[in-house]
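Shown here: my_file_8.txt, compact mmCIF, N, CA and C atoms.
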```txt
# COMPACT_ATOMS: atom_id res chain seq x y z
N MET A 1 0.83 -1.17 0.00
CA MET A 1 0.00 0.00 0.00
C MET A 1 0.88 1.25 0.00
N LEU A 2 0.45 2.24 -0.73
CA LEU A 2 1.20 3.48 -0.82
C LEU A 2 0.63 4.52 0.12
N ALA A 3 1.52 5.24 0.77
CA ALA A 3 1.10 6.34 1.65
C ALA A 3 0.72 7.55 0.80
N PRO A 4 -0.15 8.40 1.30
CA PRO A 4 -0.51 9.62 0.57
C PRO A 4 0.70 10.54 0.37
N THR A 5 0.63 11.35 -0.67
CA THR A 5 1.66 12.35 -0.94
C THR A 5 1.44 13.53 0.02
N PRO A 6 2.42 14.43 0.14
CA PRO A 6 2.21 15.62 0.98
C PRO A 6 0.98 16.43 0.54
N GLU A 7 0.74 16.55 -0.76
CA GLU A 7 -0.44 17.27 -1.25
C GLU A 7 -1.72 16.55 -0.84
N GLN A 8 -1.72 15.23 -0.92
CA GLN A 8 -2.90 14.47 -0.50
C GLN A 8 -3.14 14.60 1.00
N TYR A 9 -2.06 14.60 1.80
CA TYR A 9 -2.22 14.83 3.25
C TYR A 9 -2.85 16.20 3.52
N ARG A 10 -2.42 17.21 2.77
CA ARG A 10 -2.98 18.55 2.94
C ARG A 10 -4.48 18.52 2.64
N ARG A 11 -4.86 17.87 1.55
CA ARG A 11 -6.27 17.78 1.18
C ARG A 11 -7.06 16.96 2.19
N LEU A 12 -6.47 15.90 2.75
CA LEU A 12 -7.15 15.11 3.79
C LEU A 12 -7.43 15.96 5.02
N ASN A 13 -6.47 16.79 5.40
CA ASN A 13 -6.68 17.69 6.54
C ASN A 13 -7.78 18.70 6.24
N GLU A 14 -7.81 19.23 5.01
CA GLU A 14 -8.88 20.14 4.61
C GLU A 14 -10.24 19.45 4.69
N MET A 15 -10.28 18.19 4.24
CA MET A 15 -11.53 17.43 4.27
C MET A 15 -12.01 17.26 5.71
N ALA A 16 -11.11 16.87 6.62
CA ALA A 16 -11.50 16.68 8.02
C ALA A 16 -12.03 17.98 8.62
N GLU A 17 -11.36 19.10 8.31
CA GLU A 17 -11.81 20.41 8.82
C GLU A 17 -13.18 20.77 8.26
N ALA A 18 -13.38 20.57 6.96
CA ALA A 18 -14.66 20.89 6.33
C ALA A 18 -15.76 19.99 6.89
N TRP A 19 -15.46 18.72 7.12
CA TRP A 19 -16.45 17.79 7.67
C TRP A 19 -16.82 18.22 9.10
N ARG A 20 -15.82 18.64 9.89
CA ARG A 20 -16.06 19.13 11.25
C ARG A 20 -16.97 20.35 11.23
N ARG A 21 -16.69 21.30 10.32
CA ARG A 21 -17.53 22.51 10.22
C ARG A 21 -18.96 22.14 9.84
N ARG A 22 -19.10 21.23 8.89
CA ARG A 22 -20.43 20.85 8.42
C ARG A 22 -21.23 20.11 9.49
N GLN A 23 -20.58 19.26 10.26
CA GLN A 23 -21.25 18.42 11.25
C GLN A 23 -21.22 18.99 12.66
N GLY A 24 -20.56 20.13 12.86
CA GLY A 24 -20.32 20.67 14.20
C GLY A 24 -21.52 20.68 15.13
N ALA A 25 -22.62 21.28 14.70
CA ALA A 25 -23.80 21.38 15.57
C ALA A 25 -24.36 20.00 15.89
N ALA A 26 -24.40 19.13 14.89
CA ALA A 26 -24.92 17.78 15.11
C ALA A 26 -24.02 17.00 16.07
N LEU A 27 -22.70 17.18 15.94
CA LEU A 27 -21.78 16.49 16.84
C LEU A 27 -22.01 16.93 18.28
N GLU A 28 -22.16 18.22 18.48
CA GLU A 28 -22.36 18.75 19.83
C GLU A 28 -23.70 18.34 20.43
N ALA A 29 -24.71 18.17 19.58
CA ALA A 29 -26.06 17.86 20.06
C ALA A 29 -26.26 16.36 20.34
N THR A 30 -25.35 15.53 19.91
CA THR A 30 -25.50 14.09 20.10
C THR A 30 -25.19 13.73 21.55
N PRO A 31 -26.13 13.08 22.25
CA PRO A 31 -25.94 12.78 23.67
C PRO A 31 -24.74 11.86 23.94
N THR A 32 -24.39 11.02 22.99
CA THR A 32 -23.27 10.09 23.20
C THR A 32 -21.94 10.64 22.70
N ALA A 33 -21.91 11.92 22.31
CA ALA A 33 -20.66 12.52 21.82
C ALA A 33 -19.56 12.41 22.87
N ASN A 34 -18.39 12.04 22.44
CA ASN A 34 -17.25 11.89 23.34
C ASN A 34 -16.41 13.16 23.28
N PRO A 35 -16.37 13.96 24.34
CA PRO A 35 -15.64 15.23 24.32
C PRO A 35 -14.11 15.05 24.24
N LEU A 36 -13.64 13.83 24.44
CA LEU A 36 -12.21 13.56 24.36
C LEU A 36 -11.73 13.34 22.93
N LEU A 37 -12.68 13.18 22.00
CA LEU A 37 -12.33 12.93 20.60
C LEU A 37 -12.55 14.17 19.76
N ASP A 38 -11.85 14.21 18.64
CA ASP A 38 -12.02 15.29 17.67
C ASP A 38 -12.21 14.62 16.31
N VAL A 39 -12.42 15.39 15.28
CA VAL A 39 -12.53 14.83 13.93
C VAL A 39 -11.12 14.67 13.39
N ASP A 40 -10.79 13.43 13.03
CA ASP A 40 -9.46 13.12 12.49
C ASP A 40 -9.58 12.19 11.30
N ALA A 41 -8.82 12.49 10.24
CA ALA A 41 -8.69 11.61 9.09
C ALA A 41 -7.41 10.81 9.32
N LEU A 42 -7.55 9.50 9.49
CA LEU A 42 -6.43 8.67 9.92
C LEU A 42 -6.20 7.47 9.01
N CYS A 43 -4.95 7.02 8.96
CA CYS A 43 -4.56 5.75 8.34
C CYS A 43 -4.89 5.67 6.85
N PHE A 44 -4.84 6.77 6.13
CA PHE A 44 -5.17 6.74 4.71
C PHE A 44 -4.04 6.13 3.90
N GLN A 45 -4.44 5.37 2.88
CA GLN A 45 -3.50 4.69 2.00
C GLN A 45 -4.17 4.44 0.66
N ALA A 46 -3.34 4.18 -0.34
CA ALA A 46 -3.87 3.79 -1.65
C ALA A 46 -4.34 2.36 -1.55
N SER A 47 -5.34 2.02 -2.33
CA SER A 47 -5.90 0.68 -2.31
C SER A 47 -5.49 -0.08 -3.56
N PRO A 48 -5.27 -1.38 -3.44
CA PRO A 48 -4.98 -2.17 -4.65
C PRO A 48 -6.23 -2.27 -5.51
N ASP A 49 -6.03 -2.43 -6.81
CA ASP A 49 -7.15 -2.59 -7.73
C ASP A 49 -7.78 -3.96 -7.52
N GLN A 50 -9.10 -4.00 -7.26
CA GLN A 50 -9.80 -5.24 -6.96
C GLN A 50 -10.86 -5.59 -7.99
N GLY A 51 -10.85 -4.95 -9.15
CA GLY A 51 -11.87 -5.25 -10.15
C GLY A 51 -12.78 -4.07 -10.41
N GLU A 52 -13.89 -4.33 -11.10
CA GLU A 52 -14.78 -3.28 -11.59
C GLU A 52 -15.33 -2.36 -10.51
N ALA A 53 -15.76 -2.90 -9.35
CA ALA A 53 -16.36 -2.08 -8.30
C ALA A 53 -15.35 -1.66 -7.23
N SER A 54 -14.09 -1.91 -7.50
CA SER A 54 -13.08 -1.59 -6.49
C SER A 54 -12.73 -0.11 -6.52
N VAL A 55 -12.06 0.33 -5.49
CA VAL A 55 -11.66 1.73 -5.42
C VAL A 55 -10.44 2.01 -6.28
N GLY A 56 -9.63 0.98 -6.55
CA GLY A 56 -8.47 1.15 -7.40
C GLY A 56 -7.58 2.28 -6.97
N ARG A 57 -6.97 2.93 -7.94
CA ARG A 57 -6.04 4.02 -7.65
C ARG A 57 -6.74 5.38 -7.61
N ASP A 58 -8.07 5.39 -7.79
CA ASP A 58 -8.81 6.65 -7.81
C ASP A 58 -9.04 7.23 -6.41
N TYR A 59 -8.93 6.38 -5.38
CA TYR A 59 -9.25 6.81 -4.03
C TYR A 59 -8.18 6.41 -3.04
N LEU A 60 -8.10 7.21 -1.97
CA LEU A 60 -7.35 6.84 -0.77
C LEU A 60 -8.38 6.26 0.19
N VAL A 61 -8.01 5.22 0.90
CA VAL A 61 -8.91 4.57 1.85
C VAL A 61 -8.39 4.85 3.25
N GLY A 62 -9.28 5.23 4.16
CA GLY A 62 -8.87 5.50 5.52
C GLY A 62 -10.06 5.59 6.46
N ALA A 63 -9.79 6.07 7.65
CA ALA A 63 -10.81 6.16 8.70
C ALA A 63 -11.04 7.63 9.05
N LEU A 64 -12.30 7.94 9.34
CA LEU A 64 -12.67 9.25 9.85
C LEU A 64 -13.23 9.03 11.25
N VAL A 65 -12.50 9.53 12.24
CA VAL A 65 -12.93 9.41 13.63
C VAL A 65 -13.55 10.74 14.02
N SER A 66 -14.69 10.68 14.70
CA SER A 66 -15.33 11.90 15.20
C SER A 66 -15.76 11.63 16.64
N PRO A 67 -16.25 12.64 17.35
CA PRO A 67 -16.74 12.40 18.71
C PRO A 67 -17.91 11.42 18.80
N VAL A 68 -18.56 11.14 17.66
CA VAL A 68 -19.72 10.25 17.70
C VAL A 68 -19.61 9.00 16.83
N SER A 69 -18.62 8.94 15.92
CA SER A 69 -18.60 7.79 15.01
C SER A 69 -17.21 7.48 14.48
N LEU A 70 -17.12 6.26 13.96
CA LEU A 70 -15.94 5.81 13.23
C LEU A 70 -16.44 5.37 11.86
N SER A 71 -15.89 5.99 10.82
CA SER A 71 -16.34 5.69 9.46
C SER A 71 -15.17 5.29 8.59
N LEU A 72 -15.46 4.44 7.64
CA LEU A 72 -14.54 4.10 6.57
C LEU A 72 -14.77 5.15 5.50
N VAL A 73 -13.68 5.71 4.95
CA VAL A 73 -13.80 6.80 3.99
C VAL A 73 -12.99 6.49 2.74
N LEU A 74 -13.57 6.82 1.60
CA LEU A 74 -12.86 6.85 0.33
C LEU A 74 -12.75 8.31 -0.05
N PHE A 75 -11.53 8.76 -0.24
CA PHE A 75 -11.26 10.16 -0.56
C PHE A 75 -10.57 10.20 -1.92
N PRO A 76 -11.01 11.08 -2.83
CA PRO A 76 -10.40 11.10 -4.17
C PRO A 76 -8.89 11.34 -4.09
N ALA A 77 -8.15 10.50 -4.79
CA ALA A 77 -6.69 10.61 -4.80
C ALA A 77 -6.22 11.84 -5.56
N PHE A 78 -7.07 12.32 -6.46
CA PHE A 78 -6.69 13.46 -7.31
C PHE A 78 -7.68 14.59 -7.12
N ALA A 79 -7.16 15.80 -6.95
CA ALA A 79 -8.02 16.96 -6.73
C ALA A 79 -8.95 17.22 -7.90
N SER A 80 -8.59 16.75 -9.08
CA SER A 80 -9.40 17.00 -10.28
C SER A 80 -10.58 16.04 -10.42
N ALA A 81 -10.70 15.06 -9.51
CA ALA A 81 -11.79 14.09 -9.60
C ALA A 81 -13.15 14.79 -9.47
N ARG A 82 -14.11 14.34 -10.26
CA ARG A 82 -15.45 14.94 -10.26
C ARG A 82 -16.29 14.36 -9.13
N ALA A 83 -16.96 15.23 -8.41
CA ALA A 83 -17.79 14.82 -7.27
C ALA A 83 -19.06 14.12 -7.73
N PRO A 84 -19.48 13.09 -6.99
CA PRO A 84 -20.79 12.49 -7.25
C PRO A 84 -21.87 13.41 -6.68
N ALA A 85 -23.11 13.06 -6.89
CA ALA A 85 -24.23 13.82 -6.33
C ALA A 85 -24.28 13.59 -4.81
N GLU A 86 -24.55 14.63 -4.06
CA GLU A 86 -24.71 14.53 -2.61
C GLU A 86 -25.73 13.45 -2.28
N GLY A 87 -25.38 12.54 -1.38
CA GLY A 87 -26.30 11.49 -0.97
C GLY A 87 -26.33 10.27 -1.86
N GLU A 88 -25.61 10.31 -2.98
CA GLU A 88 -25.56 9.13 -3.86
C GLU A 88 -25.01 7.95 -3.08
N ARG A 89 -25.57 6.78 -3.35
CA ARG A 89 -25.14 5.56 -2.67
C ARG A 89 -24.45 4.64 -3.66
N ARG A 90 -23.37 4.00 -3.18
CA ARG A 90 -22.61 3.10 -4.04
C ARG A 90 -21.82 2.12 -3.17
N ALA A 91 -21.76 0.88 -3.62
CA ALA A 91 -20.96 -0.13 -2.91
C ALA A 91 -19.59 -0.22 -3.59
N PHE A 92 -18.56 -0.35 -2.77
CA PHE A 92 -17.19 -0.50 -3.27
C PHE A 92 -16.58 -1.77 -2.69
N ASP A 93 -15.76 -2.42 -3.50
CA ASP A 93 -15.02 -3.60 -3.06
C ASP A 93 -13.67 -3.18 -2.50
N LEU A 94 -13.39 -3.64 -1.30
CA LEU A 94 -12.08 -3.47 -0.67
C LEU A 94 -11.56 -4.88 -0.40
N PRO A 95 -10.30 -5.02 -0.04
CA PRO A 95 -9.75 -6.37 0.13
C PRO A 95 -10.58 -7.29 1.04
N SER A 96 -11.20 -6.77 2.09
CA SER A 96 -11.94 -7.61 3.02
C SER A 96 -13.40 -7.84 2.63
N GLY A 97 -13.89 -7.15 1.61
CA GLY A 97 -15.28 -7.33 1.20
C GLY A 97 -15.87 -6.09 0.57
N ARG A 98 -17.18 -6.11 0.43
CA ARG A 98 -17.92 -5.01 -0.21
C ARG A 98 -18.58 -4.15 0.87
N TYR A 99 -18.46 -2.83 0.73
CA TYR A 99 -18.98 -1.90 1.73
C TYR A 99 -19.90 -0.87 1.07
N PRO A 100 -21.02 -0.49 1.75
CA PRO A 100 -21.93 0.53 1.21
C PRO A 100 -21.49 1.94 1.65
N PHE A 101 -21.36 2.83 0.69
CA PHE A 101 -20.92 4.20 0.97
C PHE A 101 -21.98 5.20 0.52
N VAL A 102 -21.94 6.38 1.13
CA VAL A 102 -22.79 7.50 0.76
C VAL A 102 -21.88 8.68 0.44
N ALA A 103 -22.16 9.37 -0.66
CA ALA A 103 -21.35 10.53 -1.07
C ALA A 103 -21.70 11.73 -0.20
N GLU A 104 -20.66 12.44 0.24
CA GLU A 104 -20.83 13.69 0.98
C GLU A 104 -19.98 14.75 0.29
N VAL A 105 -20.65 15.78 -0.22
CA VAL A 105 -19.96 16.87 -0.90
C VAL A 105 -19.84 18.02 0.09
N LEU A 106 -18.61 18.34 0.48
CA LEU A 106 -18.36 19.33 1.53
C LEU A 106 -18.19 20.73 0.96
N ASP A 107 -17.50 20.82 -0.16
CA ASP A 107 -17.27 22.06 -0.90
C ASP A 107 -17.26 21.69 -2.38
N ALA A 108 -17.18 22.68 -3.24
CA ALA A 108 -17.21 22.41 -4.68
C ALA A 108 -16.15 21.38 -5.10
N ASP A 109 -14.97 21.45 -4.52
CA ASP A 109 -13.90 20.53 -4.92
C ASP A 109 -13.43 19.64 -3.77
N LEU A 110 -14.26 19.45 -2.78
CA LEU A 110 -13.91 18.65 -1.60
C LEU A 110 -15.07 17.74 -1.25
N TRP A 111 -14.85 16.43 -1.44
CA TRP A 111 -15.93 15.47 -1.23
C TRP A 111 -15.33 14.12 -0.83
N LEU A 112 -16.22 13.22 -0.41
CA LEU A 112 -15.79 11.90 0.02
C LEU A 112 -16.94 10.92 -0.08
N TRP A 113 -16.60 9.64 -0.04
CA TRP A 113 -17.57 8.56 0.15
C TRP A 113 -17.39 8.10 1.59
N ARG A 114 -18.49 7.94 2.36
CA ARG A 114 -18.37 7.57 3.77
C ARG A 114 -19.28 6.38 4.09
N CYS A 115 -18.73 5.45 4.87
CA CYS A 115 -19.46 4.27 5.34
C CYS A 115 -19.30 4.24 6.87
N GLU A 116 -20.35 4.64 7.58
CA GLU A 116 -20.28 4.65 9.04
C GLU A 116 -20.31 3.21 9.57
N LEU A 117 -19.32 2.87 10.39
CA LEU A 117 -19.22 1.52 10.93
C LEU A 117 -19.58 1.45 12.41
N LEU A 118 -19.25 2.47 13.17
CA LEU A 118 -19.60 2.55 14.59
C LEU A 118 -20.24 3.90 14.85
N ASP A 119 -21.36 3.90 15.58
CA ASP A 119 -22.05 5.18 15.83
C ASP A 119 -22.06 5.56 17.30
N ASP A 120 -21.20 4.94 18.10
CA ASP A 120 -21.09 5.31 19.51
C ASP A 120 -19.66 5.05 19.97
N LEU A 121 -18.91 6.12 20.17
CA LEU A 121 -17.52 6.01 20.64
C LEU A 121 -17.39 6.58 22.05
N SER A 122 -18.51 6.62 22.78
CA SER A 122 -18.52 7.24 24.11
C SER A 122 -17.63 6.51 25.11
N ASP A 123 -17.30 5.24 24.86
CA ASP A 123 -16.49 4.50 25.82
C ASP A 123 -14.99 4.66 25.61
N LEU A 124 -14.57 5.36 24.55
CA LEU A 124 -13.14 5.58 24.33
C LEU A 124 -12.63 6.61 25.33
N GLU A 125 -11.45 6.36 25.86
CA GLU A 125 -10.93 7.21 26.94
C GLU A 125 -9.90 8.24 26.51
N SER A 126 -9.54 8.24 25.21
CA SER A 126 -8.57 9.24 24.74
C SER A 126 -8.57 9.30 23.22
N ARG A 127 -7.99 10.36 22.71
CA ARG A 127 -7.82 10.51 21.26
C ARG A 127 -6.91 9.41 20.73
N GLU A 128 -5.91 9.02 21.51
CA GLU A 128 -5.00 7.95 21.12
C GLU A 128 -5.73 6.63 20.97
N GLU A 129 -6.71 6.39 21.85
CA GLU A 129 -7.50 5.17 21.76
C GLU A 129 -8.33 5.18 20.47
N GLY A 130 -8.82 6.35 20.08
CA GLY A 130 -9.52 6.48 18.81
C GLY A 130 -8.60 6.18 17.63
N SER A 131 -7.36 6.63 17.73
CA SER A 131 -6.38 6.35 16.67
C SER A 131 -6.08 4.86 16.58
N ARG A 132 -5.95 4.20 17.72
CA ARG A 132 -5.69 2.75 17.71
C ARG A 132 -6.88 1.99 17.12
N LEU A 133 -8.09 2.43 17.44
CA LEU A 133 -9.29 1.81 16.87
C LEU A 133 -9.29 1.96 15.34
N ALA A 134 -8.93 3.15 14.86
CA ALA A 134 -8.87 3.39 13.41
C ALA A 134 -7.81 2.49 12.77
N GLN A 135 -6.67 2.31 13.43
CA GLN A 135 -5.63 1.43 12.89
C GLN A 135 -6.11 -0.01 12.79
N ARG A 136 -6.79 -0.49 13.83
CA ARG A 136 -7.32 -1.87 13.79
C ARG A 136 -8.36 -2.02 12.69
N LEU A 137 -9.22 -1.01 12.54
CA LEU A 137 -10.21 -1.03 11.47
C LEU A 137 -9.52 -1.18 10.12
N MET A 138 -8.52 -0.36 9.86
CA MET A 138 -7.87 -0.39 8.56
C MET A 138 -7.12 -1.70 8.32
N GLU A 139 -6.54 -2.27 9.37
CA GLU A 139 -5.89 -3.57 9.21
C GLU A 139 -6.90 -4.61 8.75
N LYS A 140 -8.09 -4.61 9.37
CA LYS A 140 -9.14 -5.58 8.99
C LYS A 140 -9.67 -5.31 7.59
N VAL A 141 -9.92 -4.06 7.27
CA VAL A 141 -10.50 -3.71 5.97
C VAL A 141 -9.54 -4.04 4.83
N MET A 142 -8.25 -3.83 5.05
CA MET A 142 -7.28 -4.01 3.98
C MET A 142 -6.69 -5.42 3.93
N THR A 143 -7.17 -6.31 4.78
CA THR A 143 -6.74 -7.71 4.75
C THR A 143 -7.77 -8.51 3.96
N PRO A 144 -7.34 -9.22 2.92
CA PRO A 144 -8.30 -10.00 2.12
C PRO A 144 -9.11 -10.97 2.96
N ALA A 145 -10.40 -11.05 2.64
CA ALA A 145 -11.29 -11.98 3.32
C ALA A 145 -10.89 -13.41 2.96
N ALA A 146 -10.93 -14.30 3.93
CA ALA A 146 -10.64 -15.71 3.67
C ALA A 146 -11.83 -16.34 2.96
N ASP A 147 -11.56 -17.06 1.88
CA ASP A 147 -12.65 -17.76 1.18
C ASP A 147 -13.07 -18.94 2.03
N GLY A 148 -14.34 -19.15 2.15
CA GLY A 148 -14.77 -20.26 2.96
C GLY A 148 -16.18 -20.45 2.84
```

Rendering of file as structure tokens:
Amino acid sequence: MLAPTPEQYRRLNEMAEAWRRRQGAALEATPTANPLLDVDALCFQASPDQGEASVGRDYLVGALVSPVSLSLVLFPAFASARAPAEGERRAFDLPSGRYPFVAEVLDADLWLWRCELLDDLSDLESREEGSRLAQRLMEKVMTPAADG
């Protein structure tokens, strides 16, 4: 797996900031919001090509941790990528299986596909624990599923 370029890291940080601004009021209003967590884009990497419905080289795959959720995110690898329609739904193949995503358009040139996996992180005791959870998630997602 390839790590993001410095430019891609900059765009990932912009995405996390824009997502925080967009979701801010909802995050604060959620009773299970964890005040020890912040919005972080973590563990992003390029994905191997897995066929027609795969993310291929068009997206970086990673985790978005927030005070209320842990999501799997596909972020366009190239700034020139065209955004889908807000709310569009699409399944993507990753090494461990197929996941359902929803498009979120944050700004004209800043968007992502998001698949919420956990909707309650109230039991996490630190931001570092959120980072470790994101790392474990990505290890599982990027490990091929055993045929059986």

**Request:** List the neighbours of A:Leu118 out to 9 Å using only C-alpha atoms; skip same-chain residues closer than 6 positions along the sequence, and give me the result as a PyMOL selection string.
**Result:** chain A and resi 68-71

**Request:** Record the distance separating atom C of A:Leu27 and atom C of A:Asp120, expressed in Å with one decimal.
**Result:** 12.2 Å

**Message:** Which residue is closest to A:Ala85? Choose from A:Val105, A:Trp113, A:Ala46, A:Tyr99 and count only N, CA and C atoms.
**Reply:** A:Val105

**Request:** Using atom N of A:Phe101 and atom CA of A:Asp38 as the two end points, give the distance in Å to one decimal.
**Result:**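 Value for the atom N of A:Phe101-atom CA of A:Asp38 distance: 23.0 Å.
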
**Request:** Extract the full set of strand (DSSP E or B) residues from stretch 5-139 of chain A according to DSSP on the backbone, and format it as a PyMOL selection string.
**Result:** chain A and resi 40-46+54+59-65+70-76+89-94+97-107+110-118

Give me a file of those residues, with N, CA and C atoms, as a CSV table (one decimal), in the coordinates of the input.
```csv
chain,number,residue,atom,x,y,z
A,40,ASP,N,-10.8,13.4,13.0
A,40,ASP,CA,-9.5,13.1,12.5
A,40,ASP,C,-9.6,12.2,11.3
A,41,ALA,N,-8.8,12.5,10.2
A,41,ALA,CA,-8.7,11.6,9.1
A,41,ALA,C,-7.4,10.8,9.3
A,42,LEU,N,-7.6,9.5,9.5
A,42,LEU,CA,-6.4,8.7,9.9
A,42,LEU,C,-6.2,7.5,9.0
A,43,CYS,N,-5.0,7.0,9.0
A,43,CYS,CA,-4.6,5.8,8.3
A,43,CYS,C,-4.9,5.7,6.8
A,44,PHE,N,-4.8,6.8,6.1
A,44,PHE,CA,-5.2,6.7,4.7
A,44,PHE,C,-4.0,6.1,3.9
A,45,GLN,N,-4.4,5.4,2.9
A,45,GLN,CA,-3.5,4.7,2.0
A,45,GLN,C,-4.2,4.4,0.7
A,46,ALA,N,-3.3,4.2,-0.3
A,46,ALA,CA,-3.9,3.8,-1.6
A,46,ALA,C,-4.3,2.4,-1.6
A,54,SER,N,-14.1,-1.9,-7.5
A,54,SER,CA,-13.1,-1.6,-6.5
A,54,SER,C,-12.7,-0.1,-6.5
A,59,TYR,N,-8.9,6.4,-5.4
A,59,TYR,CA,-9.2,6.8,-4.0
A,59,TYR,C,-8.2,6.4,-3.0
A,60,LEU,N,-8.1,7.2,-2.0
A,60,LEU,CA,-7.4,6.8,-0.8
A,60,LEU,C,-8.4,6.3,0.2
A,61,VAL,N,-8.0,5.2,0.9
A,61,VAL,CA,-8.9,4.6,1.8
A,61,VAL,C,-8.4,4.8,3.2
A,62,GLY,N,-9.3,5.2,4.2
A,62,GLY,CA,-8.9,5.5,5.5
A,62,GLY,C,-10.1,5.6,6.5
A,63,ALA,N,-9.8,6.1,7.6
A,63,ALA,CA,-10.8,6.2,8.7
A,63,ALA,C,-11.0,7.6,9.0
A,64,LEU,N,-12.3,7.9,9.3
A,64,LEU,CA,-12.7,9.2,9.8
A,64,LEU,C,-13.2,9.0,11.2
A,65,VAL,N,-12.5,9.5,12.2
A,65,VAL,CA,-12.9,9.4,13.6
A,65,VAL,C,-13.6,10.7,14.0
A,70,LEU,N,-17.1,6.3,14.0
A,70,LEU,CA,-15.9,5.8,13.2
A,70,LEU,C,-16.4,5.4,11.9
A,71,SER,N,-15.9,6.0,10.8
A,71,SER,CA,-16.3,5.7,9.5
A,71,SER,C,-15.2,5.3,8.6
A,72,LEU,N,-15.5,4.4,7.6
A,72,LEU,CA,-14.5,4.1,6.6
A,72,LEU,C,-14.8,5.2,5.5
A,73,VAL,N,-13.7,5.7,5.0
A,73,VAL,CA,-13.8,6.8,4.0
A,73,VAL,C,-13.0,6.5,2.7
A,74,LEU,N,-13.6,6.8,1.6
A,74,LEU,CA,-12.9,6.8,0.3
A,74,LEU,C,-12.8,8.3,0.0
A,75,PHE,N,-11.5,8.8,-0.2
A,75,PHE,CA,-11.3,10.2,-0.6
A,75,PHE,C,-10.6,10.2,-1.9
A,76,PRO,N,-11.0,11.1,-2.8
A,76,PRO,CA,-10.4,11.1,-4.2
A,76,PRO,C,-8.9,11.3,-4.1
A,89,ARG,N,-25.6,6.8,-3.4
A,89,ARG,CA,-25.1,5.6,-2.7
A,89,ARG,C,-24.4,4.6,-3.7
A,90,ARG,N,-23.4,4.0,-3.2
A,90,ARG,CA,-22.6,3.1,-4.0
A,90,ARG,C,-21.8,2.1,-3.2
A,91,ALA,N,-21.8,0.9,-3.6
A,91,ALA,CA,-21.0,-0.1,-2.9
A,91,ALA,C,-19.6,-0.2,-3.6
A,92,PHE,N,-18.6,-0.4,-2.8
A,92,PHE,CA,-17.2,-0.5,-3.3
A,92,PHE,C,-16.6,-1.8,-2.7
A,93,ASP,N,-15.8,-2.4,-3.5
A,93,ASP,CA,-15.0,-3.6,-3.1
A,93,ASP,C,-13.7,-3.2,-2.5
A,94,LEU,N,-13.4,-3.6,-1.3
A,94,LEU,CA,-12.1,-3.5,-0.7
A,94,LEU,C,-11.6,-4.9,-0.4
A,97,GLY,N,-13.9,-7.2,1.6
A,97,GLY,CA,-15.3,-7.3,1.2
A,97,GLY,C,-15.9,-6.1,0.6
A,98,ARG,N,-17.2,-6.1,0.4
A,98,ARG,CA,-17.9,-5.0,-0.2
A,98,ARG,C,-18.6,-4.2,0.9
A,99,TYR,N,-18.5,-2.8,0.7
A,99,TYR,CA,-19.0,-1.9,1.7
A,99,TYR,C,-19.9,-0.9,1.1
A,100,PRO,N,-21.0,-0.5,1.8
A,100,PRO,CA,-21.9,0.5,1.2
A,100,PRO,C,-21.5,1.9,1.6
A,101,PHE,N,-21.4,2.8,0.7
A,101,PHE,CA,-20.9,4.2,1.0
A,101,PHE,C,-22.0,5.2,0.5
A,102,VAL,N,-21.9,6.4,1.1
A,102,VAL,CA,-22.8,7.5,0.8
A,102,VAL,C,-21.9,8.7,0.4
A,103,ALA,N,-22.2,9.4,-0.7
A,103,ALA,CA,-21.4,10.5,-1.1
A,103,ALA,C,-21.7,11.7,-0.2
A,104,GLU,N,-20.7,12.4,0.2
A,104,GLU,CA,-20.8,13.7,1.0
A,104,GLU,C,-20.0,14.8,0.3
A,105,VAL,N,-20.6,15.8,-0.2
A,105,VAL,CA,-20.0,16.9,-0.9
A,105,VAL,C,-19.8,18.0,0.1
A,106,LEU,N,-18.6,18.3,0.5
A,106,LEU,CA,-18.4,19.3,1.5
A,106,LEU,C,-18.2,20.7,1.0
A,107,ASP,N,-17.5,20.8,-0.2
A,107,ASP,CA,-17.3,22.1,-0.9
A,107,ASP,C,-17.3,21.7,-2.4
A,110,LEU,N,-14.3,19.4,-2.8
A,110,LEU,CA,-13.9,18.6,-1.6
A,110,LEU,C,-15.1,17.7,-1.2
A,111,TRP,N,-14.8,16.4,-1.4
A,111,TRP,CA,-15.9,15.5,-1.2
A,111,TRP,C,-15.3,14.1,-0.8
A,112,LEU,N,-16.2,13.2,-0.4
A,112,LEU,CA,-15.8,11.9,0.0
A,112,LEU,C,-16.9,10.9,-0.1
A,113,TRP,N,-16.6,9.6,0.0
A,113,TRP,CA,-17.6,8.6,0.2
A,113,TRP,C,-17.4,8.1,1.6
A,114,ARG,N,-18.5,7.9,2.4
A,114,ARG,CA,-18.4,7.6,3.8
A,114,ARG,C,-19.3,6.4,4.1
A,115,CYS,N,-18.7,5.4,4.9
A,115,CYS,CA,-19.5,4.3,5.3
A,115,CYS,C,-19.3,4.2,6.9
A,116,GLU,N,-20.4,4.6,7.6
A,116,GLU,CA,-20.3,4.6,9.0
A,116,GLU,C,-20.3,3.2,9.6
A,117,LEU,N,-19.3,2.9,10.4
A,117,LEU,CA,-19.2,1.5,10.9
A,117,LEU,C,-19.6,1.4,12.4
A,118,LEU,N,-19.2,2.5,13.2
A,118,LEU,CA,-19.6,2.6,14.6
A,118,LEU,C,-20.2,3.9,14.8
```

**Asked** Expressed in Å to a single decimal, how great is the separation between atom N of A:Glu116 and atom CA of A:Pro100?
**Response**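 Atom CA of A:Pro100 lies at a distance of 7.7 Å from atom N of A:Glu116.
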
**Message:** Quick one: residues within 6.5 Å of A:Asn34, all atoms listed in the file, excluding same-chain residues fewer than 6 positions away - as a PyMOL selection string?
**Reply:** chain A and resi 66-68+121-122

**Message:** Could you check the closest approach to A:Ser131 for each of A:Ala146, A:Tyr9, A:Leu42, A:Glu88 and tell me which residue wins, using all atoms listed in the file?
**Reply:**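 Among the listed residues, A:Leu42 lies closest to A:Ser131.
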
**Message:** Just want the 5 Å neighbourhood of A:Phe75, counted on only N, CA and C atoms, with same-chain residues fewer than 2 positions away dropped. Output as a ChimeraX atom specification.
**Reply:** /A:59-60,73,77,112

**Request:** In the coordinates of the file, take the point (-5.9, 10.9, 16.6) and a cut-off of 8 Å; then, counting only C-alpha atoms, name each qualifying protein, DNA or RNA residue as an MDAnalysis selection string.
**Result:** chainID A and resid 37:38 40 42 65 127:131
